file run.cif (mmCIF, C-alpha atoms)
data_my_file
loop_
_atom_site.label_atom_id
_atom_site.label_comp_id
_atom_site.auth_asym_id
_atom_site.auth_seq_id
_atom_site.Cartn_x
_atom_site.Cartn_y
_atom_site.Cartn_z
CA GLY C 1 -7.69 -19.71 -3.67
CA LYS C 2 -10.79 -19.29 -1.53
CA GLY C 3 -10.20 -15.66 -0.65
CA SER C 4 -7.99 -12.94 -1.89
CA THR C 5 -7.15 -9.39 -0.99
CA VAL C 6 -6.08 -6.41 -3.04
CA MET C 7 -3.03 -4.43 -1.98
CA VAL C 8 -2.98 -0.93 -3.44
CA ALA C 9 -0.18 1.63 -3.41
CA SER C 10 -1.45 5.15 -3.97
CA GLU C 11 -0.12 8.66 -4.00
CA ALA C 12 -1.26 11.40 -1.62
CA ARG C 13 -4.49 12.31 -3.44
CA GLY C 14 -5.57 8.67 -3.54
CA ILE C 15 -4.70 7.89 -7.14
CA PRO C 16 -3.77 4.19 -7.31
CA VAL C 17 -0.30 3.76 -8.79
CA ALA C 18 0.28 0.03 -8.21
CA LEU C 19 -1.84 -2.91 -7.16
CA ASP C 20 -1.70 -6.66 -6.85
CA VAL C 21 -3.97 -9.47 -5.69
CA PHE C 22 -2.82 -11.90 -3.00
CA ALA C 23 -4.26 -14.73 -0.94
CA ALA C 24 -6.27 -13.45 2.01
CA ASN C 25 -4.15 -15.33 4.55
CA THR C 26 -0.88 -13.66 3.48
CA ALA C 27 0.69 -11.10 5.80
CA GLU C 28 0.82 -7.58 4.40
CA SER C 29 4.45 -7.07 5.36
CA THR C 30 5.55 -9.99 3.17
CA VAL C 31 3.75 -8.83 0.01
CA ALA C 32 4.47 -5.11 0.26
CA ALA C 33 7.81 -5.48 -1.50
CA SER C 34 6.22 -6.97 -4.62
CA VAL C 35 3.73 -4.09 -4.86
CA LEU C 36 6.49 -1.51 -4.33
CA LYS C 37 8.46 -3.09 -7.20
CA GLN C 38 5.68 -2.03 -9.57
CA LEU C 39 6.07 1.66 -8.75
CA ARG C 40 7.30 3.83 -11.60
CA VAL C 41 7.34 7.60 -11.02
CA PRO C 42 7.93 9.45 -14.30
CA CYS C 43 10.61 12.13 -14.35
CA LEU C 44 10.01 15.58 -15.69
CA GLY C 45 11.86 15.66 -18.97
CA ALA C 46 14.14 12.89 -20.15
CA GLY C 47 15.25 9.95 -18.09
CA ARG C 48 14.12 6.68 -16.61
CA PRO C 49 11.19 6.64 -14.22
CA LYS C 50 12.13 6.59 -10.56
CA THR C 51 11.56 3.36 -8.71
CA ARG C 52 12.56 4.58 -5.25
CA LEU C 53 10.44 6.82 -3.09
CA ARG C 54 11.85 9.00 -0.36
CA VAL C 55 9.23 8.02 2.23
CA VAL C 56 6.74 5.15 2.23
CA ALA C 57 3.88 5.71 4.71
CA MET C 58 2.07 2.54 5.80
CA ASP C 59 -0.25 1.47 8.59
CA LYS C 60 0.47 -0.79 11.57
CA ALA C 61 -0.17 -3.97 9.60
CA PHE C 62 3.16 -3.41 7.83
CA ASP C 63 5.21 -3.17 11.04
CA SER C 64 8.02 -5.58 10.28
CA THR C 65 11.73 -5.38 10.90
CA GLU C 66 12.47 -7.23 7.66
CA LEU C 67 10.37 -4.77 5.63
CA ARG C 68 12.06 -1.78 7.29
CA HIS C 69 15.51 -3.23 6.55
CA SER C 70 14.68 -4.05 2.92
CA LEU C 71 13.33 -0.53 2.34
CA ARG C 72 16.39 0.99 4.01
CA ARG C 73 18.69 -1.07 1.75
CA LYS C 74 16.87 0.39 -1.26
CA GLY C 75 17.26 3.93 0.05
CA MET C 76 13.64 4.42 1.12
CA ARG C 77 12.41 5.46 4.53
CA ALA C 78 9.56 3.49 6.09
CA SER C 79 7.10 5.58 8.10
CA VAL C 80 5.19 2.82 9.89
CA PRO C 81 3.66 3.18 13.37
CA GLU C 82 4.92 0.57 15.79
CA ARG C 83 2.44 -2.18 16.55
CA VAL C 84 1.71 -2.70 20.25
CA TRP C 85 1.47 -6.36 21.19
CA LYS C 86 -0.63 -7.47 24.14
CA GLY C 87 1.34 -9.34 26.76
CA ARG C 88 4.74 -8.29 25.47
CA LYS C 89 6.93 -7.76 28.50
CA ARG C 90 10.25 -7.00 26.86
CA ARG C 91 11.06 -3.84 24.98
CA LYS C 92 12.22 -4.11 21.38
CA ARG C 93 15.92 -3.59 21.07
CA GLY C 94 17.34 -0.59 19.26
CA ARG C 95 16.09 2.87 18.56
CA PRO C 96 12.30 3.11 18.26
CA PRO C 97 11.06 3.97 14.76
CA THR C 98 10.04 7.57 14.15
CA LEU C 99 7.14 8.67 11.99
CA HIS C 100 7.53 11.01 9.06
CA SER C 101 5.05 13.85 8.52
CA ALA C 102 3.67 11.87 5.55
CA SER C 103 1.98 9.51 8.02
CA GLN C 104 -0.17 12.36 9.30
CA ARG C 105 -1.89 12.48 5.90
CA ARG C 106 -2.66 8.76 5.76
CA TYR C 107 -6.39 9.47 5.57
CA GLN C 108 -5.83 10.74 2.02
CA VAL C 109 -4.35 7.41 1.06
CA GLU C 110 -6.97 5.37 2.94
CA ARG C 111 -9.71 6.94 0.81
CA VAL C 112 -8.71 4.76 -2.11
CA HIS C 113 -9.77 1.66 -0.16
CA GLY C 114 -13.18 3.22 0.37
CA TRP C 115 -13.39 4.04 -3.32
CA PHE C 116 -12.63 0.41 -4.20
CA ASP C 117 -15.49 -0.63 -1.89
CA ASN C 118 -17.92 1.25 -4.15
CA TRP C 119 -17.73 -1.66 -6.62
CA ARG C 120 -19.87 -4.52 -5.34
CA ALA C 121 -18.16 -7.01 -7.64
CA LEU C 122 -14.86 -6.30 -5.86
CA VAL C 123 -16.28 -6.49 -2.35
CA VAL C 124 -18.32 -9.65 -2.86
CA ARG C 125 -15.83 -11.09 -5.36
CA TYR C 126 -18.11 -12.61 -7.93
CA GLU C 127 -15.16 -13.57 -10.12
CA ARG C 128 -13.66 -16.94 -9.26
CA LYS C 129 -10.53 -16.66 -11.38
CA VAL C 130 -7.75 -14.50 -9.96
CA ALA C 131 -6.89 -13.05 -13.39
CA ASN C 132 -10.48 -11.85 -13.91
CA TYR C 133 -10.62 -10.41 -10.38
CA ARG C 134 -7.32 -8.58 -10.91
CA GLY C 135 -8.68 -7.22 -14.20
CA LEU C 136 -11.72 -5.82 -12.38
CA CYS C 137 -9.40 -4.23 -9.80
CA VAL C 138 -7.33 -2.60 -12.55
CA PHE C 139 -10.50 -1.36 -14.25
CA ALA C 140 -11.73 0.13 -10.96
CA ALA C 141 -8.31 1.77 -10.47
CA ILE C 142 -8.54 3.34 -13.94
CA LEU C 143 -11.99 4.72 -13.17
CA ILE C 144 -10.74 6.11 -9.84
CA CYS C 145 -7.81 7.79 -11.61
CA LEU C 146 -10.12 9.37 -14.16
CA ARG C 147 -12.54 10.59 -11.50
CA VAL C 148 -9.79 12.13 -9.36
CA LEU C 149 -7.94 13.72 -12.27
CA LEU C 150 -11.09 15.13 -13.90
CA SER C 151 -12.24 16.72 -10.63
CA TRP C 152 -8.75 18.07 -9.89
#

call {"tool": "encode", "arguments": {"input": "run.cif", "output": "structure tokens"}}
result
Amino acid sequence: GKGSTVMVASEARGIPVALDVFAANTAESTVAASVLKQLRVPCLGAGRPKTRLRVVAMDKAFDSTELRHSLRRKGMRASVPERVWKGRKRRKRGRPPTLHSASQRRYQVERVHGWFDNWRALVVRYERKVANYRGLCVFAAILICLRVLLSW
């Protein structure tokens, strides 16, 4: 495709734990589920890695009823601020969504996007093939992980 965007899931310190590359004209709420499927949180000791998080904090771009319902079916809580639409006269039906305290620390997660912008090849997107671009994104994520863990 002509343009693509990287969606990154990261933990509280900004360490990327899952990423994927999508077309730039795709809505974030529709591709979030595929990135969340990649999450694997290792258990202490024996056992399978966990694939469900207790709370998923996202920004307003992910405000979608379908996403909230799919996360709820999987046993995860979505902490997404409600998007305010201009010109909307009617009130949304049902109980308004509440924010979890994890959303107050979103700046820690947003740092990872700034760290990805440090690589000019990712911002300008010199690579034409999606597989090569995704490889550069994974390489940048590995370098970010090393930098965060070594300074920890």

call {"tool": "resolve_selection", "arguments": {"input": "run.cif", "expression": "the PyMOL selection byres ((chain C and resi 28) around 12)", "output": "list in words"}}
result
Thr5, Val6, Met7, Val8, Asp20, Val21, Phe22, Ala23, Ala24, Asn25, Thr26, Ala27, Ser29, Thr30, Val31, Ala32, Ala33, Ser34, Val35, Met58, Asp59, Lys60, Ala61, Phe62, Asp63, Ser64 and Leu67 of chain C

call {"tool": "atom_distance", "arguments": {"input": "run.cif", "atom1": "CA of Glu110 (chain C)", "atom2": "CA of Arg48 (chain C)"}}
result
28.8 Å

call {"tool": "closest_residue", "arguments": {"input": "run.cif", "among": "C:Val112, C:Val41, C:Leu36, C:Pro49", "to": "Lys74 (chain C)", "atoms": "only C-alpha atoms"}}
result
C:Leu36

call {"tool": "resolve_selection", "arguments": {"input": "run.cif", "expression": "the PyMOL selection byres ((chain C and resi 10) around 10)", "output": "PyMOL selection string"}}
result
chain C and resi 7-9+11-19+39+108-113

call {"tool": "residues_near_point", "arguments": {"input": "run.cif", "point": "(13.2, 5.7, 2.0)", "cutoff": "7 Å", "atoms": "only C-alpha atoms", "output": "list in words"}}
result
Leu53, Arg54, Val55, Val56, Leu71, Arg72, Gly75, Met76, Arg77 and Ala78 of chain C

call {"tool": "resolve_selection", "arguments": {"input": "run.cif", "expression": "the PyMOL selection byres ((chain C and resi 136-145) around 8)", "output": "mmCIF file with C-alpha atoms, in the coordinates of the input"}}
result
data_model
loop_
_atom_site.group_PDB
_atom_site.id
_atom_site.type_symbol
_atom_site.label_atom_id
_atom_site.label_comp_id
_atom_site.auth_asym_id
_atom_site.auth_seq_id
_atom_site.Cartn_x
_atom_site.Cartn_y
_atom_site.Cartn_z
ATOM 1 C CA VAL C 6 -6.080 -6.410 -3.040
ATOM 2 C CA ILE C 15 -4.700 7.890 -7.140
ATOM 3 C CA PRO C 16 -3.770 4.190 -7.310
ATOM 4 C CA LEU C 19 -1.840 -2.910 -7.160
ATOM 5 C CA TRP C 115 -13.390 4.040 -3.320
ATOM 6 C CA PHE C 116 -12.630 0.410 -4.200
ATOM 7 C CA TRP C 119 -17.730 -1.660 -6.620
ATOM 8 C CA LEU C 122 -14.860 -6.300 -5.860
ATOM 9 C CA ASN C 132 -10.480 -11.850 -13.910
ATOM 10 C CA TYR C 133 -10.620 -10.410 -10.380
ATOM 11 C CA ARG C 134 -7.320 -8.580 -10.910
ATOM 12 C CA GLY C 135 -8.680 -7.220 -14.200
ATOM 13 C CA LEU C 146 -10.120 9.370 -14.160
ATOM 14 C CA ARG C 147 -12.540 10.590 -11.500
ATOM 15 C CA VAL C 148 -9.790 12.130 -9.360
ATOM 16 C CA LEU C 149 -7.940 13.720 -12.270
#

call {"tool": "decode", "arguments": {"input": "run.cif", "residues": "region 8-26 of chain C", "atoms": "C-alpha atoms", "output": "PDB file, in the first residue's frame"}}
result
ATOM      1  CA  VAL C   8       2.352  -0.791  19.206  1.00  0.00           C
ATOM      2  CA  ALA C   9       1.174  -2.304  22.482  1.00  0.00           C
ATOM      3  CA  SER C  10       3.504  -1.508  25.346  1.00  0.00           C
ATOM      4  CA  GLU C  11       3.685  -1.999  29.063  1.00  0.00           C
ATOM      5  CA  ALA C  12       3.771   0.831  31.598  1.00  0.00           C
ATOM      6  CA  ARG C  13       7.481   1.678  31.252  1.00  0.00           C
ATOM      7  CA  GLY C  14       7.181   1.893  27.481  1.00  0.00           C
ATOM      8  CA  ILE C  15       8.669  -1.466  26.559  1.00  0.00           C
ATOM      9  CA  PRO C  16       6.991  -2.607  23.326  1.00  0.00           C
ATOM     10  CA  VAL C  17       5.409  -6.031  23.797  1.00  0.00           C
ATOM     11  CA  ALA C  18       3.477  -6.387  20.515  1.00  0.00           C
ATOM     12  CA  LEU C  19       3.370  -4.544  17.220  1.00  0.00           C
ATOM     13  CA  ASP C  20       1.916  -4.824  13.765  1.00  0.00           C
ATOM     14  CA  VAL C  21       1.875  -2.792  10.558  1.00  0.00           C
ATOM     15  CA  PHE C  22      -1.413  -1.790   8.942  1.00  0.00           C
ATOM     16  CA  ALA C  23      -2.619   0.375   6.080  1.00  0.00           C
ATOM     17  CA  ALA C  24      -2.751   4.039   7.048  1.00  0.00           C
ATOM     18  CA  ASN C  25      -6.450   4.363   6.228  1.00  0.00           C
ATOM     19  CA  THR C  26      -7.514   1.607   8.667  1.00  0.00           C
TER      20      THR C  26
END
